[in-house]
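**Q** This one is run-v1.csv, CSV, C-alpha atoms and all ligand atoms.
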chain,number,residue,atom,x,y,z
A,1,MET,CA,0.0,0.0,0.0
A,2,GLY,CA,1.3,3.4,-1.0
A,3,ALA,CA,0.2,6.7,0.6
A,4,LYS,CA,-2.9,7.2,2.7
A,5,VAL,CA,-4.5,10.6,2.1
A,6,LEU,CA,-7.3,12.3,4.1
A,7,MET,CA,-9.2,15.4,2.8
A,8,VAL,CA,-10.7,17.6,5.5
A,9,CYS,CA,-13.3,20.4,5.5
A,10,LEU,CA,-15.9,21.6,8.0
A,11,GLY,CA,-19.0,19.6,7.2
A,12,ASN,CA,-17.6,16.8,5.0
A,13,ILE,CA,-20.5,17.2,2.7
A,14,CYS,CA,-19.3,19.8,0.1
A,15,ARG,CA,-15.5,20.3,-0.4
A,16,SER,CA,-13.8,17.3,1.1
A,17,PRO,CA,-16.1,14.7,-0.6
A,18,LEU,CA,-15.2,16.3,-3.9
A,19,ALA,CA,-11.5,16.3,-3.0
A,20,GLU,CA,-11.7,12.6,-2.1
A,21,GLY,CA,-13.5,11.7,-5.3
A,22,ILE,CA,-11.2,13.8,-7.5
A,23,LEU,CA,-7.9,12.6,-6.1
A,24,LYS,CA,-9.2,9.0,-6.2
A,25,SER,CA,-9.9,9.4,-9.9
A,26,LYS,CA,-6.2,10.3,-10.5
A,27,LEU,CA,-4.6,7.4,-8.5
A,28,ASP,CA,-4.7,3.7,-8.8
A,29,LYS,CA,-6.9,2.0,-6.2
A,30,GLU,CA,-4.6,-0.8,-5.4
A,31,ASN,CA,-1.8,1.5,-4.2
A,32,PHE,CA,-3.5,4.5,-2.6
A,33,HIS,CA,-6.1,5.0,0.0
A,34,VAL,CA,-8.1,8.3,-0.1
A,35,ASP,CA,-10.8,9.3,2.4
A,36,SER,CA,-12.4,12.4,3.8
A,37,ALA,CA,-13.8,13.8,7.0
A,38,GLY,CA,-15.2,16.9,8.6
A,39,THR,CA,-14.1,18.7,11.7
A,40,ALA,CA,-17.8,19.3,12.7
A,41,SER,CA,-20.4,16.7,13.6
A,42,TYR,CA,-23.5,18.3,12.0
A,43,HIS,CA,-23.8,15.9,9.1
A,44,ILE,CA,-22.4,12.6,10.3
A,45,GLY,CA,-23.8,9.7,8.3
A,46,LYS,CA,-25.2,11.9,5.5
A,47,LYS,CA,-24.4,11.7,1.8
A,48,PRO,CA,-22.6,14.6,0.1
A,49,ASP,CA,-24.5,17.8,-0.7
A,50,ASP,CA,-26.5,17.3,-4.0
A,51,ARG,CA,-24.6,20.2,-5.5
A,52,SER,CA,-21.3,18.4,-4.9
A,53,ILE,CA,-22.7,15.1,-6.2
A,54,SER,CA,-23.9,16.8,-9.4
A,55,ILE,CA,-20.8,18.8,-10.2
A,56,ALA,CA,-18.7,15.7,-9.7
A,57,LYS,CA,-21.1,13.7,-11.9
A,58,ARG,CA,-20.7,16.3,-14.7
A,59,TYR,CA,-17.0,15.6,-14.8
A,60,GLY,CA,-17.5,11.8,-14.6
A,61,ILE,CA,-16.9,11.2,-10.9
A,62,ASP,CA,-19.4,9.4,-8.7
A,63,ILE,CA,-19.2,10.6,-5.0
A,64,SER,CA,-22.8,9.6,-4.2
A,65,GLN,CA,-21.8,6.5,-2.1
A,66,GLN,CA,-19.7,8.6,0.3
A,67,ARG,CA,-21.0,9.1,3.9
A,68,CYS,CA,-20.0,11.9,6.2
A,69,ARG,CA,-17.8,11.2,9.2
A,70,GLN,CA,-16.0,13.4,11.7
A,71,PHE,CA,-12.3,13.9,11.9
A,72,THR,CA,-10.7,12.3,15.0
A,73,PHE,CA,-7.2,12.3,16.5
A,74,LYS,CA,-6.9,8.7,15.4
A,75,ASP,CA,-6.7,9.9,11.8
A,76,PHE,CA,-3.2,11.1,12.5
A,77,SER,CA,-2.0,7.5,12.9
A,78,ASP,CA,-4.2,6.2,10.0
A,79,PHE,CA,-3.1,8.7,7.4
A,80,ASP,CA,0.2,9.9,5.9
A,81,PHE,CA,-1.1,13.2,4.5
A,82,ILE,CA,-4.0,15.3,5.7
A,83,PHE,CA,-5.2,18.2,3.5
A,84,ALA,CA,-7.4,20.9,4.9
A,85,MET,CA,-9.6,23.0,2.6
A,86,ASP,CA,-9.2,26.3,4.5
A,87,ASN,CA,-7.3,27.9,7.4
A,88,SER,CA,-10.1,27.3,9.9
A,89,ASN,CA,-10.2,23.6,9.0
A,90,TYR,CA,-6.3,23.6,9.3
A,91,GLU,CA,-6.4,25.1,12.8
A,92,ASN,CA,-9.1,22.7,13.9
A,93,VAL,CA,-7.1,19.7,12.8
A,94,ILE,CA,-3.8,21.1,14.2
A,95,ALA,CA,-5.6,21.6,17.6
A,96,LEU,CA,-6.0,17.8,17.8
A,97,ALA,CA,-2.4,16.9,17.0
A,98,LYS,CA,-0.4,15.3,19.8
A,99,ASN,CA,3.1,16.0,18.5
A,100,LYS,CA,5.3,17.4,15.7
A,101,ASN,CA,5.0,14.3,13.6
A,102,ASP,CA,1.1,14.7,13.6
A,103,LYS,CA,1.4,18.4,12.7
A,104,ALA,CA,3.8,17.7,9.9
A,105,LYS,CA,1.2,15.6,8.1
A,106,VAL,CA,-1.2,18.6,7.8
A,107,LYS,CA,-1.2,21.0,4.8
A,108,LEU,CA,-3.6,23.2,3.0
A,109,LEU,CA,-4.9,21.4,-0.1
A,110,LEU,CA,-3.9,24.4,-2.3
A,111,TYR,CA,-0.4,24.9,-0.8
A,112,LYS,CA,1.3,24.0,-4.1
A,113,THR,CA,-1.1,25.7,-6.5
A,114,ASN,CA,-0.1,29.1,-7.8
A,115,THR,CA,-3.2,30.9,-6.5
A,116,THR,CA,-2.6,33.8,-4.1
A,117,ASN,CA,-5.4,32.6,-1.9
A,118,LYS,CA,-4.6,29.2,-0.6
A,119,GLU,CA,-8.1,28.5,0.7
A,120,VAL,CA,-10.9,26.5,-1.0
A,121,PRO,CA,-13.9,28.8,-0.2
A,122,ASP,CA,-16.9,27.3,1.7
A,123,PRO,CA,-19.6,27.0,-1.0
A,124,TYR,CA,-22.4,25.8,1.4
A,125,TYR,CA,-24.4,29.1,1.5
A,126,GLY,CA,-23.7,30.2,-2.1
A,127,GLY,CA,-25.0,29.2,-5.5
A,128,ASP,CA,-24.1,26.5,-8.0
A,129,ASP,CA,-21.3,28.7,-9.5
A,130,GLY,CA,-19.4,28.2,-6.2
A,131,PHE,CA,-19.4,24.5,-6.8
A,132,GLU,CA,-18.1,24.9,-10.3
A,133,GLU,CA,-15.3,27.1,-9.0
A,134,ILE,CA,-14.3,24.8,-6.1
A,135,PHE,CA,-14.3,21.8,-8.4
A,136,HIS,CA,-11.6,23.4,-10.6
A,137,LEU,CA,-9.5,24.6,-7.6
A,138,ILE,CA,-9.6,21.2,-6.0
A,139,ASP,CA,-8.9,19.5,-9.4
A,140,SER,CA,-5.7,21.6,-10.0
A,141,ALA,CA,-4.5,20.9,-6.5
A,142,CYS,CA,-5.2,17.1,-6.9
A,143,ASN,CA,-3.2,17.0,-10.2
A,144,LEU,CA,-0.1,18.3,-8.4
A,145,ILE,CA,-0.7,16.0,-5.4
A,146,ALA,CA,-1.2,12.9,-7.6
A,147,GLN,CA,2.0,13.7,-9.5
A,148,ASP,CA,3.9,14.0,-6.3
A,149,LEU,CA,2.5,10.8,-4.8
A,150,MET,CA,3.1,8.7,-7.9
A,151,HIS,CA,6.8,9.8,-8.1
A,152,LYS,CA,7.6,9.0,-4.5
B,1,LIG,P1,-18.1,21.8,3.7
B,1,LIG,O1,-19.2,22.8,3.6
B,1,LIG,O2,-17.2,22.1,4.9
B,1,LIG,O3,-17.3,22.0,2.4
B,1,LIG,O4,-18.7,20.4,3.8
B,1,LIG,C1,-20.1,23.0,4.7
B,1,LIG,C2,-21.1,22.2,4.9
B,1,LIG,C3,-22.0,22.4,6.0
B,1,LIG,C4,-21.9,23.5,6.8
B,1,LIG,C5,-20.8,24.4,6.5
B,1,LIG,C6,-19.9,24.1,5.5
B,1,LIG,N1,-22.8,23.8,7.8
B,1,LIG,O5,-22.7,24.8,8.4
B,1,LIG,O6,-23.7,22.9,8.0
With the file now loaded, output its structure as structure tokens.
**A**
Amino acid sequence: MGAKVLMVCLGNICRSPLAEGILKSKLDKENFHVDSAGTASYHIGKKPDDRSISIAKRYGIDISQQRCRQFTFKDFSDFDFIFAMDNSNYENVIALAKNKNDKAKVKLLLYKTNTTNKEVPDPYYGGDDGFEEIFHLIDSACNLIAQDLMHK
């Protein structure tokens, strides 16, 4: 088994399910494990937001079978890389880290993209355009991450 990657946002219904589905679509299943979680507990057990399901579907990715779960400190031992969608998610995850090794696993998803803003905006209260925008932001970041992981 190669790398294990966890995508994290607040609700685990809009951004991180897309990030999970998009990165999975770029890596081979046998060698990589990709999952997602939310720092909040509001939506545990629910499927992704319909707007995320539909934008993913438009680009040939099925995320409808995913179910929301909450991030726990145990994820630091289960995963090699933890990508947070925005600064607030990053701080929430870091707050649960036990040591330097845990902290070193956490990065912003967009840290390698050449956008000035390194945050994936929360699309929950916005319109469908927001989902189109975050799909492309997440997709560019996942291209870079997939390249890195496959050349390790
Ligand atoms: P996500 O979006 O963090 O990308 O899944 C949100 C989903 C739900 C809420 C906020 C953000 N909420 O407040 O319920």
**Q** Which residue is closest to Gln70 in chain A? Choose from A:Asn114, A:Ser25, A:Gln147, A:Thr39 and count all atoms listed in the file.
**A** A:Thr39
**Q** Check which residues of chain A sit at most 7 Å from ligand LIG 1 (chain B) using only C-alpha atoms and all ligand atoms, and return one row each with the closest pair of atoms and their distance in Å to one decimal, ordered by chain and rising number, as JSON lines.
**A**
{"residue": "A:Cys9", "atom": "CA", "partner": "B:LIG1", "partner_atom": "O2", "distance": 4.3}
{"residue": "A:Leu10", "atom": "CA", "partner": "B:LIG1", "partner_atom": "O2", "distance": 3.4}
{"residue": "A:Gly11", "atom": "CA", "partner": "B:LIG1", "partner_atom": "O4", "distance": 3.5}
{"residue": "A:Asn12", "atom": "CA", "partner": "B:LIG1", "partner_atom": "O4", "distance": 4.0}
{"residue": "A:Ile13", "atom": "CA", "partner": "B:LIG1", "partner_atom": "O4", "distance": 3.8}
{"residue": "A:Cys14", "atom": "CA", "partner": "B:LIG1", "partner_atom": "O3", "distance": 3.8}
{"residue": "A:Arg15", "atom": "CA", "partner": "B:LIG1", "partner_atom": "O3", "distance": 3.7}
{"residue": "A:Ser16", "atom": "CA", "partner": "B:LIG1", "partner_atom": "O3", "distance": 6.0}
{"residue": "A:Gly38", "atom": "CA", "partner": "B:LIG1", "partner_atom": "O2", "distance": 6.7}
{"residue": "A:Tyr42", "atom": "CA", "partner": "B:LIG1", "partner_atom": "O6", "distance": 6.1}
{"residue": "A:Asp122", "atom": "CA", "partner": "B:LIG1", "partner_atom": "O3", "distance": 5.4}
{"residue": "A:Pro123", "atom": "CA", "partner": "B:LIG1", "partner_atom": "O1", "distance": 6.2}
{"residue": "A:Tyr124", "atom": "CA", "partner": "B:LIG1", "partner_atom": "C1", "distance": 4.9}
**Q** Would you list the contacts of range 75-85 of chain A as a ChimeraX atom specification, taking every protein, DNA or RNA residue within 7 Å and counting all atoms listed in the file, but skipping same-chain residues closer than 2 positions in sequence?
**A** /A:3-9,71-73,89-90,102,105-109,119-120
**Q** Grab the residues selected above and save them as a PDB file, in the frame of the given file with C-alpha atoms.
**A**
ATOM      1  CA  ALA A   3       0.200   6.700   0.600  1.00  0.00           C
ATOM      2  CA  LYS A   4      -2.900   7.200   2.700  1.00  0.00           C
ATOM      3  CA  VAL A   5      -4.500  10.600   2.100  1.00  0.00           C
ATOM      4  CA  LEU A   6      -7.300  12.300   4.100  1.00  0.00           C
ATOM      5  CA  MET A   7      -9.200  15.400   2.800  1.00  0.00           C
ATOM      6  CA  VAL A   8     -10.700  17.600   5.500  1.00  0.00           C
ATOM      7  CA  CYS A   9     -13.300  20.400   5.500  1.00  0.00           C
ATOM      8  CA  PHE A  71     -12.300  13.900  11.900  1.00  0.00           C
ATOM      9  CA  THR A  72     -10.700  12.300  15.000  1.00  0.00           C
ATOM     10  CA  PHE A  73      -7.200  12.300  16.500  1.00  0.00           C
ATOM     11  CA  ASN A  89     -10.200  23.600   9.000  1.00  0.00           C
ATOM     12  CA  TYR A  90      -6.300  23.600   9.300  1.00  0.00           C
ATOM     13  CA  ASP A 102       1.100  14.700  13.600  1.00  0.00           C
ATOM     14  CA  LYS A 105       1.200  15.600   8.100  1.00  0.00           C
ATOM     15  CA  VAL A 106      -1.200  18.600   7.800  1.00  0.00           C
ATOM     16  CA  LYS A 107      -1.200  21.000   4.800  1.00  0.00           C
ATOM     17  CA  LEU A 108      -3.600  23.200   3.000  1.00  0.00           C
ATOM     18  CA  LEU A 109      -4.900  21.400  -0.100  1.00  0.00           C
ATOM     19  CA  GLU A 119      -8.100  28.500   0.700  1.00  0.00           C
ATOM     20  CA  VAL A 120     -10.900  26.500  -1.000  1.00  0.00           C
TER      21      VAL A 120
END
**Q** Kindly give the distance, in Å, that separates CA of Lys46 in chain A and CA of Pro17 in chain A, rounded to a single decimal.
**A** 11.3 Å
**Q** Find the residues around Ala146 in chain A up to 7 Å (all atoms listed in the file counted), leave out those fewer than 4 positions away in its own chain, and share them as a PyMOL selection string.
**A** chain A and resi 23+26-27+142+150
**Q** Could you tell me how far CA of Thr113 in chain A lies from CA of Asn31 in chain A, in Å and to one decimal?
**A** 24.3 Å
**Q** Using only C-alpha atoms, pick whichever of A:Arg51, A:Ser64, A:Lys100, A:Ser140 has the shortest atom-to-atom distance to Tyr125 in chain A.
**A**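 Going through A:Arg51, A:Ser64, A:Lys100, A:Ser140 one by one, the smallest distance to Tyr125 in chain A is for A:Arg51.
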**Q** Would you list the contacts of Glu132 in chain A as a PyMOL selection string, taking every protein, DNA or RNA residue within 12 Å and counting all atoms listed in the file, but skipping same-chain residues closer than 2 positions in sequence?
**A** chain A and resi 14-15+18+51-59+120-121+123+126-130+134-139
**Q** Rebuild N, CA and C atoms on range 90-102 of chain A, as a compact mmCIF listing (two decimals), keeping the file's coordinate frame?
**A**
# COMPACT_ATOMS: atom_id res chain seq x y z
N TYR A 90 -7.75 23.84 8.93
CA TYR A 90 -6.30 23.60 9.30
C TYR A 90 -6.12 23.73 10.77
N GLU A 91 -6.60 24.84 11.32
CA GLU A 91 -6.40 25.10 12.80
C GLU A 91 -7.17 24.07 13.61
N ASN A 92 -8.36 23.69 13.17
CA ASN A 92 -9.10 22.70 13.90
C ASN A 92 -8.42 21.34 13.96
N VAL A 93 -7.79 20.97 12.86
CA VAL A 93 -7.10 19.70 12.80
C VAL A 93 -5.80 19.77 13.65
N ILE A 94 -5.05 20.86 13.47
CA ILE A 94 -3.80 21.10 14.20
C ILE A 94 -4.06 21.02 15.74
N ALA A 95 -5.21 21.54 16.14
CA ALA A 95 -5.60 21.60 17.60
C ALA A 95 -5.67 20.16 18.16
N LEU A 96 -5.90 19.17 17.32
CA LEU A 96 -6.00 17.80 17.80
C LEU A 96 -4.72 17.00 17.70
N ALA A 97 -3.69 17.63 17.14
CA ALA A 97 -2.40 16.90 17.00
C ALA A 97 -1.73 16.74 18.33
N LYS A 98 -1.07 15.57 18.48
CA LYS A 98 -0.40 15.30 19.80
C LYS A 98 1.05 15.67 19.76
N ASN A 99 1.65 15.72 18.57
CA ASN A 99 3.10 16.00 18.50
C ASN A 99 3.47 16.59 17.14
N LYS A 100 4.76 16.84 16.99
CA LYS A 100 5.30 17.40 15.70
C LYS A 100 5.03 16.57 14.53
N ASN A 101 5.15 15.26 14.73
CA ASN A 101 5.00 14.30 13.60
C ASN A 101 3.53 14.42 13.09
N ASP A 102 2.55 14.49 14.00
CA ASP A 102 1.10 14.70 13.60
C ASP A 102 1.02 15.98 12.81
